[in-house]
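Here is the structure we will look at, set down as structure tokens.
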Amino acid sequence: MFKLTSSPHIHSGKLTARIMLWVIFAMLPALVTQIYFFGFGVLIQSFLAIAAAVFLEFIVTKLRKKKALFYISDFSVILTALILATAIPPYAPYWLVLIGIFAAVIFGKQVYGGLGQNLFNPAMVGYVVLLISFPVQMTNWMPPIALLNEPPTLSDSFSLIFSGITSDGFSLSQLTSSIDAVSSATPLDSVKTGIKAGAASLSEISRSPIFADILPLGARESLEGIGWTQVNIAFLVGGIFLIWKKIIHWQIPVAFLTALFAMSAFNYFYSPFGTNPFFQLVSGAAMFGAFFIATDPVSAPVTPRGKWIFGLLVGVLVGIIRFYGNYPDGVAFAVLLANICVPLIDQYTRPRVTGYGLKGGH
């Protein structure tokens, strides 16, 4: 029924590896920012995820009688692991990372035949499997370490991930017990939870210590999340760098952010709990999704018009899920749902062949 086109059409190990390395390099500012505000957990998770992903890629390619080192050396599986590790809570238990990597590499990538054949973004497949299967662990985020009386050290972070307690015997909940309970959630989740709990206004929700005046957006009700705002800005910088290097095309992130901003503006003017539209752009995985997830060259459209349609679709779906769904963010679900539509988008946005359809033409 549909003509499925996969990309890249010609697998060049050198070219693919260079692209993946540039994307990894562009993620480093956000990774460093996340470590600065949320501790060493994300660094440990990243190393664990990369090791597990490389091991799985090696085993599967060997079973498929392929050249394992050739496929590992394109760095695509390392990028998948880094994206997944960045997306999950930094102090989630180690087995959560391993399950997510297994789902991403096996079900998101290798079951389709490897790089260039997968219909869905592999990292988002792993993320959604975890979010649906383990919602408690996937929503238990550490507040910014600046708010903690005793921020976890590197050894404490390692111990929290692999044993659930620090070297002094404190659990994650005990470390954050001195902070208002709502601060253990993300800013987006805090807003949604506060509304459901019957908060009188956004001003009441903004009293949580995880909110502060960071950007010149006006009133405190702009609800800028400490750490989350800075991480999103870092992803924006990395994304602009990728566009400048022509690693990704600008249409998808611009369409994504435009659609999300438009839906946020509508919600802001017509809902008593509508947040500042800029808050939506610097919260959750907005910038991460716009520049590093939705732009995946394999699972995104290949035509310029298709990229516009795809980006707009993802942005609208993120807005719908954030404002009307049960999940506070929704980037992963939005990208996967839009991935389903890619073959159809490519089918109807293909450039017209010169001379085709004219009298006497074929």
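We label chains A, B, ... in the order they appear in the structure tokens, count residues from 1 in each chain, and number ligands from 1 in the order shown.
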
Contacts of Phe288 of chain A within 12 Å, only C-alpha atoms, excl. fewer than 3 positions in-chain, as a ChimeraX atom specification: /A:23,26-27,29-31,83-84,86-87,124,228-240,253,256-257,281-285,291-296,329,331-332,335

Closest pair table for segment 87-134 of chain A residues within 10 Å of segment 139-162 of chain A, only C-alpha atoms, as a tab-separated table:
```
residue	atom	partner	partner_atom	distance
A:Ile88	CA	A:Thr139	CA	8.5
A:Pro89	CA	A:Trp141	CA	5.2
A:Pro90	CA	A:Trp141	CA	7.3
A:Tyr91	CA	A:Ile161	CA	5.4
A:Ala92	CA	A:Ile161	CA	6.0
A:Pro93	CA	A:Ile161	CA	4.7
A:Tyr94	CA	A:Ile161	CA	5.5
A:Trp95	CA	A:Phe162	CA	8.4
A:Leu96	CA	A:Ile161	CA	9.7
A:Val97	CA	A:Ile161	CA	9.8
A:Leu131	CA	A:Thr139	CA	8.2
A:Phe134	CA	A:Thr139	CA	8.8
```

Please, could you write that set of residues out with C-alpha atoms as an mmCIF file, in the first residue's frame?
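Generated file (selection.cif):
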```
data_model
loop_
_atom_site.group_PDB
_atom_site.id
_atom_site.type_symbol
_atom_site.label_atom_id
_atom_site.label_comp_id
_atom_site.auth_asym_id
_atom_site.auth_seq_id
_atom_site.Cartn_x
_atom_site.Cartn_y
_atom_site.Cartn_z
ATOM 1 C CA ILE A 88 15.765 8.916 31.864
ATOM 2 C CA PRO A 89 16.079 10.074 35.505
ATOM 3 C CA PRO A 90 19.787 10.291 36.386
ATOM 4 C CA TYR A 91 19.457 8.143 39.503
ATOM 5 C CA ALA A 92 17.153 5.484 38.089
ATOM 6 C CA PRO A 93 18.217 1.916 39.014
ATOM 7 C CA TYR A 94 20.755 0.270 36.731
ATOM 8 C CA TRP A 95 18.334 -2.431 35.583
ATOM 9 C CA LEU A 96 16.049 0.260 34.159
ATOM 10 C CA VAL A 97 18.855 1.403 31.873
ATOM 11 C CA LEU A 131 7.712 4.831 30.700
ATOM 12 C CA PHE A 134 7.896 1.445 35.057
#
```

Taking 6 positions as the minimum chain separation for residues in the same chain, which residues sit within 9 Å of Val129 of chain A when counting only C-alpha atoms? Answer as a list in words. Ile99, Gly100, Ala103 and Ala104 of chain A

Would you please extract all strand (DSSP E or B) residues from segment 60-287 of chain A, as assigned by DSSP on the backbone, and give them as a ChimeraX atom specification? /A:165,171,211,225

Just the helix (DSSP H, G or I) stuff from segment 323-353 of chain A, please, per backbone DSSP, written as a PyMOL selection string. chain A and resi 323-324+331-348

How many Å separate atom CA of Gly330 of chain A from atom CA of Thr186 of chain A? 13.0 Å
